[in-house]
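Asker: Here you go, work12.pdb (PDB, C-alpha atoms):
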```pdb
ATOM      1  CA  ASP A  93      51.060 -28.473 -50.974  1.00  0.00           C
ATOM      2  CA  ALA A  94      54.508 -29.276 -49.604  1.00  0.00           C
ATOM      3  CA  GLY A  95      54.752 -30.012 -45.935  1.00  0.00           C
ATOM      4  CA  VAL A  96      57.707 -29.243 -43.701  1.00  0.00           C
ATOM      5  CA  THR A  97      60.959 -30.190 -45.401  1.00  0.00           C
ATOM      6  CA  GLN A  98      64.293 -30.711 -43.681  1.00  0.00           C
ATOM      7  CA  SER A  99      67.794 -31.214 -45.002  1.00  0.00           C
ATOM      8  CA  PRO A 100      69.954 -33.136 -44.917  1.00  0.00           C
ATOM      9  CA  THR A 101      68.251 -36.432 -44.016  1.00  0.00           C
ATOM     10  CA  HIS A 102      71.325 -37.911 -42.373  1.00  0.00           C
ATOM     11  CA  LEU A 103      74.589 -36.412 -41.217  1.00  0.00           C
ATOM     12  CA  ILE A 104      77.713 -37.841 -39.636  1.00  0.00           C
ATOM     13  CA  LYS A 105      80.129 -35.560 -37.770  1.00  0.00           C
ATOM     14  CA  THR A 106      82.972 -35.917 -35.290  1.00  0.00           C
ATOM     15  CA  ARG A 107      83.310 -34.384 -31.852  1.00  0.00           C
ATOM     16  CA  GLY A 108      84.209 -30.709 -31.862  1.00  0.00           C
ATOM     17  CA  GLN A 109      82.841 -30.016 -35.327  1.00  0.00           C
ATOM     18  CA  GLN A 110      80.016 -27.659 -36.192  1.00  0.00           C
ATOM     19  CA  VAL A 111      76.811 -28.496 -38.041  1.00  0.00           C
ATOM     20  CA  THR A 112      73.969 -26.601 -39.735  1.00  0.00           C
ATOM     21  CA  LEU A 113      70.526 -28.122 -40.269  1.00  0.00           C
ATOM     22  CA  ARG A 114      67.888 -26.559 -42.478  1.00  0.00           C
ATOM     23  CA  CYS A 115      64.112 -26.390 -42.451  1.00  0.00           C
ATOM     24  CA  SER A 116      61.466 -25.042 -44.818  1.00  0.00           C
ATOM     25  CA  PRO A 117      58.076 -24.604 -43.163  1.00  0.00           C
ATOM     26  CA  LYS A 118      54.758 -25.704 -44.552  1.00  0.00           C
ATOM     27  CA  SER A 119      53.280 -23.211 -46.993  1.00  0.00           C
ATOM     28  CA  GLY A 120      51.452 -20.447 -45.122  1.00  0.00           C
ATOM     29  CA  HIS A 121      53.240 -21.057 -41.827  1.00  0.00           C
ATOM     30  CA  ASP A 122      55.305 -18.329 -40.195  1.00  0.00           C
ATOM     31  CA  THR A 123      56.590 -19.936 -36.977  1.00  0.00           C
ATOM     32  CA  VAL A 124      59.328 -22.554 -36.753  1.00  0.00           C
ATOM     33  CA  SER A 125      60.274 -24.625 -33.713  1.00  0.00           C
ATOM     34  CA  TRP A 126      63.158 -27.055 -33.313  1.00  0.00           C
ATOM     35  CA  TYR A 127      63.173 -30.221 -31.211  1.00  0.00           C
ATOM     36  CA  GLN A 128      65.805 -32.797 -30.300  1.00  0.00           C
ATOM     37  CA  GLN A 129      64.670 -36.428 -30.057  1.00  0.00           C
ATOM     38  CA  ALA A 130      67.123 -38.855 -28.484  1.00  0.00           C
ATOM     39  CA  LEU A 131      66.666 -42.543 -29.237  1.00  0.00           C
ATOM     40  CA  GLY A 132      63.661 -43.952 -27.404  1.00  0.00           C
ATOM     41  CA  GLN A 133      62.646 -40.579 -25.967  1.00  0.00           C
ATOM     42  CA  GLY A 134      60.083 -37.899 -26.686  1.00  0.00           C
ATOM     43  CA  PRO A 135      61.164 -34.733 -28.471  1.00  0.00           C
ATOM     44  CA  GLN A 136      62.683 -31.957 -26.343  1.00  0.00           C
ATOM     45  CA  PHE A 137      62.051 -28.308 -27.239  1.00  0.00           C
ATOM     46  CA  ILE A 138      65.154 -26.385 -28.303  1.00  0.00           C
ATOM     47  CA  PHE A 139      63.785 -22.995 -29.441  1.00  0.00           C
ATOM     48  CA  GLN A 140      61.129 -21.249 -31.494  1.00  0.00           C
ATOM     49  CA  TYR A 141      61.433 -18.527 -34.126  1.00  0.00           C
ATOM     50  CA  TYR A 142      58.852 -15.997 -35.222  1.00  0.00           C
ATOM     51  CA  GLU A 143      59.400 -12.845 -37.288  1.00  0.00           C
ATOM     52  CA  GLU A 144      63.095 -13.730 -37.508  1.00  0.00           C
ATOM     53  CA  GLU A 145      63.544 -13.600 -33.751  1.00  0.00           C
ATOM     54  CA  GLU A 146      64.021 -16.295 -31.135  1.00  0.00           C
ATOM     55  CA  ARG A 147      60.812 -16.186 -29.137  1.00  0.00           C
ATOM     56  CA  GLN A 148      61.548 -18.740 -26.467  1.00  0.00           C
ATOM     57  CA  ARG A 149      64.177 -21.299 -25.641  1.00  0.00           C
ATOM     58  CA  GLY A 150      64.344 -24.657 -23.893  1.00  0.00           C
ATOM     59  CA  ASN A 151      67.098 -25.936 -21.626  1.00  0.00           C
ATOM     60  CA  PHE A 152      69.827 -26.163 -24.218  1.00  0.00           C
ATOM     61  CA  PRO A 153      73.299 -24.576 -24.032  1.00  0.00           C
ATOM     62  CA  ASP A 154      74.433 -21.650 -26.140  1.00  0.00           C
ATOM     63  CA  ARG A 155      76.176 -24.087 -28.465  1.00  0.00           C
ATOM     64  CA  PHE A 156      72.722 -24.433 -30.016  1.00  0.00           C
ATOM     65  CA  SER A 157      71.758 -21.391 -32.046  1.00  0.00           C
ATOM     66  CA  GLY A 158      69.362 -20.656 -34.838  1.00  0.00           C
ATOM     67  CA  HIS A 159      68.149 -18.262 -37.422  1.00  0.00           C
ATOM     68  CA  GLN A 160      64.966 -17.531 -39.312  1.00  0.00           C
ATOM     69  CA  PHE A 161      65.007 -15.934 -42.736  1.00  0.00           C
ATOM     70  CA  PRO A 162      62.492 -13.509 -44.289  1.00  0.00           C
ATOM     71  CA  ASN A 163      60.905 -16.409 -46.228  1.00  0.00           C
ATOM     72  CA  TYR A 164      60.271 -18.116 -42.828  1.00  0.00           C
ATOM     73  CA  SER A 165      62.794 -20.906 -43.427  1.00  0.00           C
ATOM     74  CA  SER A 166      65.132 -21.645 -40.555  1.00  0.00           C
ATOM     75  CA  GLU A 167      68.529 -23.053 -39.638  1.00  0.00           C
ATOM     76  CA  LEU A 168      69.734 -24.799 -36.522  1.00  0.00           C
ATOM     77  CA  ASN A 169      73.442 -24.533 -35.757  1.00  0.00           C
ATOM     78  CA  VAL A 170      75.297 -26.625 -33.230  1.00  0.00           C
ATOM     79  CA  ASN A 171      78.913 -25.821 -32.335  1.00  0.00           C
ATOM     80  CA  ALA A 172      81.538 -27.925 -30.579  1.00  0.00           C
ATOM     81  CA  LEU A 173      79.603 -31.142 -31.115  1.00  0.00           C
ATOM     82  CA  LEU A 174      79.496 -33.698 -28.313  1.00  0.00           C
ATOM     83  CA  LEU A 175      78.691 -37.394 -28.483  1.00  0.00           C
ATOM     84  CA  GLY A 176      75.471 -36.618 -26.600  1.00  0.00           C
ATOM     85  CA  ASP A 177      74.276 -34.431 -29.463  1.00  0.00           C
ATOM     86  CA  SER A 178      73.570 -37.564 -31.494  1.00  0.00           C
ATOM     87  CA  ALA A 179      69.811 -37.500 -32.059  1.00  0.00           C
ATOM     88  CA  LEU A 180      66.989 -36.910 -34.507  1.00  0.00           C
ATOM     89  CA  TYR A 181      66.441 -33.174 -34.941  1.00  0.00           C
ATOM     90  CA  LEU A 182      62.887 -32.244 -35.806  1.00  0.00           C
ATOM     91  CA  CYS A 183      61.597 -29.015 -37.225  1.00  0.00           C
ATOM     92  CA  ALA A 184      57.964 -28.042 -36.730  1.00  0.00           C
ATOM     93  CA  SER A 185      56.017 -25.178 -38.228  1.00  0.00           C
ATOM     94  CA  SER A 186      52.718 -23.499 -37.472  1.00  0.00           C
ATOM     95  CA  PHE A 187      50.723 -20.425 -38.375  1.00  0.00           C
ATOM     96  CA  GLY A 188      51.187 -18.209 -35.359  1.00  0.00           C
ATOM     97  CA  SER A 189      52.573 -19.566 -32.142  1.00  0.00           C
ATOM     98  CA  GLY A 190      49.530 -19.600 -29.938  1.00  0.00           C
ATOM     99  CA  ILE A 191      48.828 -22.699 -27.926  1.00  0.00           C
ATOM    100  CA  TYR A 192      45.866 -23.658 -30.083  1.00  0.00           C
ATOM    101  CA  GLN A 193      47.852 -23.953 -33.286  1.00  0.00           C
ATOM    102  CA  PRO A 194      48.902 -27.508 -34.128  1.00  0.00           C
ATOM    103  CA  GLN A 195      52.504 -27.861 -35.165  1.00  0.00           C
ATOM    104  CA  HIS A 196      53.382 -29.785 -38.315  1.00  0.00           C
ATOM    105  CA  PHE A 197      56.612 -31.762 -38.226  1.00  0.00           C
ATOM    106  CA  GLY A 198      59.184 -32.643 -40.854  1.00  0.00           C
ATOM    107  CA  ASP A 199      60.774 -36.082 -41.092  1.00  0.00           C
ATOM    108  CA  GLY A 200      63.864 -34.870 -39.261  1.00  0.00           C
ATOM    109  CA  THR A 201      67.627 -34.914 -39.669  1.00  0.00           C
ATOM    110  CA  ARG A 202      69.427 -37.860 -38.099  1.00  0.00           C
ATOM    111  CA  LEU A 203      72.712 -36.538 -36.669  1.00  0.00           C
ATOM    112  CA  SER A 204      75.370 -39.030 -35.611  1.00  0.00           C
ATOM    113  CA  ILE A 205      78.496 -37.916 -33.750  1.00  0.00           C
ATOM    114  CA  LEU A 206      81.552 -40.167 -33.882  1.00  0.00           C
TER     115      LEU A 206
ATOM    116  CA  GLY B 267      57.006 -26.818 -14.723  1.00  0.00           C
ATOM    117  CA  ASN B 268      55.042 -28.747 -17.297  1.00  0.00           C
ATOM    118  CA  SER B 269      55.316 -32.506 -17.728  1.00  0.00           C
ATOM    119  CA  VAL B 270      53.568 -35.390 -19.480  1.00  0.00           C
ATOM    120  CA  THR B 271      53.574 -39.001 -18.304  1.00  0.00           C
ATOM    121  CA  GLN B 272      52.550 -41.882 -20.555  1.00  0.00           C
ATOM    122  CA  MET B 273      51.964 -45.513 -19.710  1.00  0.00           C
ATOM    123  CA  GLU B 274      54.984 -47.753 -20.017  1.00  0.00           C
ATOM    124  CA  GLY B 275      55.307 -49.674 -23.246  1.00  0.00           C
ATOM    125  CA  PRO B 276      55.655 -51.458 -25.453  1.00  0.00           C
ATOM    126  CA  VAL B 277      52.033 -52.436 -26.031  1.00  0.00           C
ATOM    127  CA  THR B 278      51.365 -55.522 -28.145  1.00  0.00           C
ATOM    128  CA  LEU B 279      47.843 -56.296 -29.391  1.00  0.00           C
ATOM    129  CA  SER B 280      46.097 -58.539 -31.852  1.00  0.00           C
ATOM    130  CA  GLU B 281      44.224 -56.984 -34.753  1.00  0.00           C
ATOM    131  CA  GLU B 282      40.712 -55.752 -33.806  1.00  0.00           C
ATOM    132  CA  ALA B 283      41.597 -55.508 -30.093  1.00  0.00           C
ATOM    133  CA  PHE B 284      40.693 -52.451 -27.997  1.00  0.00           C
ATOM    134  CA  LEU B 285      43.461 -49.959 -27.351  1.00  0.00           C
ATOM    135  CA  THR B 286      44.026 -47.630 -24.410  1.00  0.00           C
ATOM    136  CA  ILE B 287      47.196 -45.617 -23.879  1.00  0.00           C
ATOM    137  CA  ASN B 288      47.149 -43.629 -20.669  1.00  0.00           C
ATOM    138  CA  CYS B 289      48.423 -40.055 -20.480  1.00  0.00           C
ATOM    139  CA  THR B 290      48.465 -37.685 -17.513  1.00  0.00           C
ATOM    140  CA  TYR B 291      49.884 -34.199 -17.369  1.00  0.00           C
ATOM    141  CA  THR B 292      51.051 -31.434 -15.074  1.00  0.00           C
ATOM    142  CA  ALA B 293      50.748 -27.861 -16.269  1.00  0.00           C
ATOM    143  CA  THR B 294      51.073 -24.444 -14.686  1.00  0.00           C
ATOM    144  CA  GLY B 295      48.324 -22.973 -16.848  1.00  0.00           C
ATOM    145  CA  TYR B 296      45.435 -24.239 -18.952  1.00  0.00           C
ATOM    146  CA  PRO B 297      47.037 -26.263 -21.742  1.00  0.00           C
ATOM    147  CA  SER B 298      45.950 -27.617 -25.074  1.00  0.00           C
ATOM    148  CA  LEU B 299      46.494 -31.371 -25.384  1.00  0.00           C
ATOM    149  CA  PHE B 300      47.647 -33.386 -28.374  1.00  0.00           C
ATOM    150  CA  TRP B 301      48.373 -36.908 -29.517  1.00  0.00           C
ATOM    151  CA  TYR B 302      51.066 -37.323 -32.148  1.00  0.00           C
ATOM    152  CA  VAL B 303      52.013 -40.545 -33.965  1.00  0.00           C
ATOM    153  CA  GLN B 304      55.429 -41.428 -35.369  1.00  0.00           C
ATOM    154  CA  TYR B 305      55.809 -44.178 -37.969  1.00  0.00           C
ATOM    155  CA  PRO B 306      59.240 -45.776 -38.463  1.00  0.00           C
ATOM    156  CA  GLY B 307      61.700 -43.431 -40.144  1.00  0.00           C
ATOM    157  CA  GLU B 308      59.273 -40.514 -40.192  1.00  0.00           C
ATOM    158  CA  GLY B 309      58.563 -37.358 -38.277  1.00  0.00           C
ATOM    159  CA  LEU B 310      55.583 -36.792 -36.018  1.00  0.00           C
ATOM    160  CA  GLN B 311      52.051 -36.496 -37.369  1.00  0.00           C
ATOM    161  CA  LEU B 312      49.264 -34.830 -35.449  1.00  0.00           C
ATOM    162  CA  LEU B 313      46.632 -37.457 -34.627  1.00  0.00           C
ATOM    163  CA  LEU B 314      44.135 -35.405 -32.622  1.00  0.00           C
ATOM    164  CA  LYS B 315      43.853 -32.461 -30.261  1.00  0.00           C
ATOM    165  CA  ALA B 316      41.640 -30.902 -27.575  1.00  0.00           C
ATOM    166  CA  THR B 317      41.853 -27.337 -26.351  1.00  0.00           C
ATOM    167  CA  LYS B 318      39.526 -27.194 -23.349  1.00  0.00           C
ATOM    168  CA  ALA B 319      38.053 -29.353 -20.628  1.00  0.00           C
ATOM    169  CA  ASP B 320      35.623 -32.084 -21.755  1.00  0.00           C
ATOM    170  CA  ASP B 321      36.587 -31.611 -25.411  1.00  0.00           C
ATOM    171  CA  LYS B 322      36.894 -34.879 -27.306  1.00  0.00           C
ATOM    172  CA  GLY B 323      39.438 -35.070 -30.082  1.00  0.00           C
ATOM    173  CA  SER B 324      38.972 -37.766 -32.694  1.00  0.00           C
ATOM    174  CA  ASN B 325      40.603 -38.921 -35.929  1.00  0.00           C
ATOM    175  CA  LYS B 326      40.972 -42.213 -37.843  1.00  0.00           C
ATOM    176  CA  GLY B 327      38.964 -44.082 -35.181  1.00  0.00           C
ATOM    177  CA  PHE B 328      41.129 -42.771 -32.321  1.00  0.00           C
ATOM    178  CA  GLU B 329      39.584 -40.697 -29.538  1.00  0.00           C
ATOM    179  CA  ALA B 330      40.786 -38.843 -26.440  1.00  0.00           C
ATOM    180  CA  THR B 331      38.856 -36.706 -23.952  1.00  0.00           C
ATOM    181  CA  TYR B 332      40.379 -33.753 -22.069  1.00  0.00           C
ATOM    182  CA  ARG B 333      39.729 -34.478 -18.383  1.00  0.00           C
ATOM    183  CA  LYS B 334      40.741 -31.478 -16.307  1.00  0.00           C
ATOM    184  CA  GLU B 335      39.642 -33.015 -13.003  1.00  0.00           C
ATOM    185  CA  THR B 336      41.988 -35.987 -13.441  1.00  0.00           C
ATOM    186  CA  THR B 337      44.553 -34.129 -15.605  1.00  0.00           C
ATOM    187  CA  SER B 338      44.354 -36.918 -18.163  1.00  0.00           C
ATOM    188  CA  PHE B 339      44.053 -37.355 -21.926  1.00  0.00           C
ATOM    189  CA  HIS B 340      43.908 -41.108 -22.556  1.00  0.00           C
ATOM    190  CA  LEU B 341      44.017 -42.358 -26.145  1.00  0.00           C
ATOM    191  CA  GLU B 342      41.512 -45.054 -27.191  1.00  0.00           C
ATOM    192  CA  LYS B 343      40.583 -47.004 -30.301  1.00  0.00           C
ATOM    193  CA  GLY B 344      37.898 -49.634 -30.496  1.00  0.00           C
ATOM    194  CA  SER B 345      39.527 -51.920 -33.065  1.00  0.00           C
ATOM    195  CA  VAL B 346      43.198 -51.589 -33.956  1.00  0.00           C
ATOM    196  CA  GLN B 347      44.761 -52.556 -37.276  1.00  0.00           C
ATOM    197  CA  VAL B 348      48.257 -53.697 -38.192  1.00  0.00           C
ATOM    198  CA  SER B 349      48.758 -50.312 -39.862  1.00  0.00           C
ATOM    199  CA  ASP B 350      48.321 -48.612 -36.457  1.00  0.00           C
ATOM    200  CA  SER B 351      51.709 -49.981 -35.339  1.00  0.00           C
ATOM    201  CA  ALA B 352      53.768 -46.918 -34.457  1.00  0.00           C
ATOM    202  CA  VAL B 353      55.007 -44.810 -31.546  1.00  0.00           C
ATOM    203  CA  TYR B 354      52.377 -42.593 -29.922  1.00  0.00           C
ATOM    204  CA  PHE B 355      53.249 -39.373 -28.073  1.00  0.00           C
ATOM    205  CA  CYS B 356      51.036 -37.388 -25.756  1.00  0.00           C
ATOM    206  CA  ALA B 357      51.911 -33.682 -25.629  1.00  0.00           C
ATOM    207  CA  LEU B 358      50.746 -30.417 -24.166  1.00  0.00           C
ATOM    208  CA  SER B 359      51.099 -26.823 -25.224  1.00  0.00           C
ATOM    209  CA  ASP B 360      50.901 -24.238 -22.483  1.00  0.00           C
ATOM    210  CA  ARG B 361      51.359 -20.549 -22.068  1.00  0.00           C
ATOM    211  CA  ALA B 362      54.955 -19.712 -21.274  1.00  0.00           C
ATOM    212  CA  GLY B 363      55.659 -16.856 -18.925  1.00  0.00           C
ATOM    213  CA  GLY B 364      52.259 -15.302 -19.466  1.00  0.00           C
ATOM    214  CA  THR B 365      52.534 -15.287 -23.229  1.00  0.00           C
ATOM    215  CA  SER B 366      50.770 -17.612 -25.624  1.00  0.00           C
ATOM    216  CA  TYR B 367      53.810 -19.170 -27.249  1.00  0.00           C
ATOM    217  CA  GLY B 368      52.953 -22.771 -27.975  1.00  0.00           C
ATOM    218  CA  LYS B 369      56.004 -24.770 -26.958  1.00  0.00           C
ATOM    219  CA  LEU B 370      55.196 -28.489 -26.930  1.00  0.00           C
ATOM    220  CA  THR B 371      56.080 -30.722 -23.972  1.00  0.00           C
ATOM    221  CA  PHE B 372      56.051 -34.432 -24.864  1.00  0.00           C
ATOM    222  CA  GLY B 373      55.716 -37.670 -22.983  1.00  0.00           C
ATOM    223  CA  GLN B 374      58.278 -40.402 -23.524  1.00  0.00           C
ATOM    224  CA  GLY B 375      56.214 -42.211 -26.136  1.00  0.00           C
ATOM    225  CA  THR B 376      54.467 -45.592 -26.214  1.00  0.00           C
ATOM    226  CA  ILE B 377      55.386 -48.206 -28.809  1.00  0.00           C
ATOM    227  CA  LEU B 378      52.345 -50.016 -30.197  1.00  0.00           C
ATOM    228  CA  THR B 379      52.705 -53.248 -32.160  1.00  0.00           C
ATOM    229  CA  VAL B 380      49.617 -54.847 -33.684  1.00  0.00           C
ATOM    230  CA  HIS B 381      49.809 -58.447 -34.911  1.00  0.00           C
ATOM    231  CA  PRO B 382      47.500 -59.950 -37.582  1.00  0.00           C
TER     232      PRO B 382
END
```
Kindly return the structure encoded in the file as structure tokens.
Answerer:
Amino acid sequence: DAGVTQSPTHLIKTRGQQVTLRCSPKSGHDTVSWYQQALGQGPQFIFQYYEEEERQRGNFPDRFSGHQFPNYSSELNVNALLLGDSALYLCASSFGSGIYQPQHFGDGTRLSIL
Amino acid sequence: GNSVTQMEGPVTLSEEAFLTINCTYTATGYPSLFWYVQYPGEGLQLLLKATKADDKGSNKGFEATYRKETTSFHLEKGSVQVSDSAVYFCALSDRAGGTSYGKLTFGQGTILTVHP
């Protein structure tokens, strides 16, 4: 039973570019959340998708956008990259989005901005 | 808003020592509480959870009790092993805006190093 898978593992971009990160949820899960983890910090919530719609959003600018597909997989897009966007981006999935459902995390995409 | 505060790290212990990592929280509602562990180069793994007051979560020898009166969820283990070396995150999941969407709020993490 495959867990949450993310691609790519590592990515290097320059300021001003755009990037797309991908996530496949754990089998049977229908909700995907994205988090940004800066070095030495805890993950920060970006947004959550359920039934192909953004359900809630953290304190991130509109440069961060996402999408969920009918097969529940998801993409995170970041436009006009800044040096401060360098971080580990984590995808988490769950069955339903209630507060009792534990979220299962992928290994993340390490994004470096030069 | 919601917040989670963990004890400052890093924590360095000898094998078989007793471990406590303190965690306190602030929440607008009645949250569920979690401990996640992150090994080097990996994502987060759920270690244990508790969903209501006085619940005790436990897994792999780790325990934490949901204390509503002190808004705490301290992580403990009686005898740590070298393989327990990792970063530990306390987190809460609360209702957002009256709905039950489970957004996670994390603490800053505590680095644990266990020496043989």
Asker: Can I get the residues of chain B within 6 Å of chain A, each with the closest pair of atoms and their distance in Å to one decimal, using all atoms listed in the file, sorted chain first then ascending number, as JSON lines?
Answerer:
```
{"residue": "B:Glu308", "atom": "CA", "partner": "A:Asp199", "partner_atom": "CA", "distance": 4.8}
{"residue": "B:Gly309", "atom": "CA", "partner": "A:Asp199", "partner_atom": "CA", "distance": 3.8}
{"residue": "B:Leu310", "atom": "CA", "partner": "A:Phe197", "partner_atom": "CA", "distance": 5.6}
{"residue": "B:Ser359", "atom": "CA", "partner": "A:Ile191", "partner_atom": "CA", "distance": 5.4}
{"residue": "B:Ser366", "atom": "CA", "partner": "A:Gly190", "partner_atom": "CA", "distance": 4.9}
{"residue": "B:Tyr367", "atom": "CA", "partner": "A:Ser189", "partner_atom": "CA", "distance": 5.1}
{"residue": "B:Gly368", "atom": "CA", "partner": "A:Ile191", "partner_atom": "CA", "distance": 4.1}
{"residue": "B:Phe372", "atom": "CA", "partner": "A:Gly134", "partner_atom": "CA", "distance": 5.6}
{"residue": "B:Gly373", "atom": "CA", "partner": "A:Gly134", "partner_atom": "CA", "distance": 5.7}
{"residue": "B:Gln374", "atom": "CA", "partner": "A:Gly134", "partner_atom": "CA", "distance": 4.4}
{"residue": "B:Gly375", "atom": "CA", "partner": "A:Gly134", "partner_atom": "CA", "distance": 5.8}
```
Asker: Let me know the residues the PyMOL selection byres ((chain B and resi 336-339) around 10) catches in the file above, as a PyMOL selection string.
Answerer: chain B and resi 270-272+287-293+299-301+315-316+319-320+322-323+329-335+340-342+356-358
Asker: Do you know which residues the PyMOL selection byres ((chain A and resi 122) around 9) returns on this file, as a list of chain:residue names?
Answerer: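 Applying the PyMOL selection byres ((chain A and resi 122) around 9) to the structure shown produces A:Pro117, A:Lys118, A:Ser119, A:Gly120, A:His121, A:Thr123, A:Val124, A:Tyr141, A:Tyr142, A:Glu143, A:Asn163, A:Tyr164, A:Ser165, A:Ser185, A:Ser186, A:Phe187, A:Gly188, A:Ser189.
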Asker: Would you kindly return, as a list in words, each protein, DNA or RNA residue with an atom no farther than 12 Å from any atom of Glu281 of chain B, considering all atoms listed in the file and excluding same-chain residues fewer than 2 positions away?
Answerer: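 Residues near the query, excluding close chain neighbours: Thr278, Leu279, Ala283, Phe284, Leu285, Lys343, Gly344, Ser345, Val346, Gln347, Val348, Ser349, Asp350, Ser351, Leu378, Thr379, Val380, His381 and Pro382 of chain B.
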Asker: Name the closest residue to Glu167 of chain A among the candidates A:Asn151, A:Thr106, A:Gln128, A:Thr112; distances are taken between atoms, counting only C-alpha atoms.
Answerer: A:Thr112
Asker: Can you give me, as a PyMOL selection string, the residues this file yields under the PyMOL selection byres ((chain A and resi 113) around 8)?
Answerer: chain A and resi 98-100+111-112+114-115+167-169+201
Asker: Dump C-alpha atoms for the selected residues as a PDB file, keeping the file's coordinate frame?
Answerer:
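Result file follows (again01.pdb):
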```pdb
ATOM      1  CA  GLN A  98      64.293 -30.711 -43.681  1.00  0.00           C
ATOM      2  CA  SER A  99      67.794 -31.214 -45.002  1.00  0.00           C
ATOM      3  CA  PRO A 100      69.954 -33.136 -44.917  1.00  0.00           C
ATOM      4  CA  VAL A 111      76.811 -28.496 -38.041  1.00  0.00           C
ATOM      5  CA  THR A 112      73.969 -26.601 -39.735  1.00  0.00           C
ATOM      6  CA  ARG A 114      67.888 -26.559 -42.478  1.00  0.00           C
ATOM      7  CA  CYS A 115      64.112 -26.390 -42.451  1.00  0.00           C
ATOM      8  CA  GLU A 167      68.529 -23.053 -39.638  1.00  0.00           C
ATOM      9  CA  LEU A 168      69.734 -24.799 -36.522  1.00  0.00           C
ATOM     10  CA  ASN A 169      73.442 -24.533 -35.757  1.00  0.00           C
ATOM     11  CA  THR A 201      67.627 -34.914 -39.669  1.00  0.00           C
TER      12      THR A 201
END
```
Asker: Report the centre and edge lengths, in Å to one decimal, of an axis-aligned box enclosing every atom of segment 111-123 of chain A listed in the file, padded by 5 Å on each side, as lines of an AutoDock Vina configuration file.
Answerer:
```
center_x = 64.1
center_y = -23.4
center_z = -42.0
size_x = 35.4
size_y = 20.2
size_z = 20.0
```
Asker: When you draw a straight line from atom CA of Thr371 of chain B to atom CA of Asn268 of chain B, how long is it in Å?
Answerer: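 So the two atoms, atom CA of Thr371 of chain B and atom CA of Asn268 of chain B, lie 7.0 Å apart.
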Asker: In Å, rounded to a single decimal, give me how far atom CA of Thr294 of chain B is from atom CA of Asn325 of chain B.
Answerer: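 Answer for the atom CA of Asn325 of chain B to atom CA of Thr294 of chain B separation: 27.8 Å.
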Asker: Choose the residue, out of B:Gly275, B:Lys369, B:Ile377, B:Gly267, that has the smallest atom-to-atom separation from Pro306 of chain B; count all atoms listed in the file.
Answerer: B:Ile377
Asker: Distance atom CA of Asn171 of chain A-atom CA of Ser157 of chain A, one decimal place?
Answerer: 8.4 Å
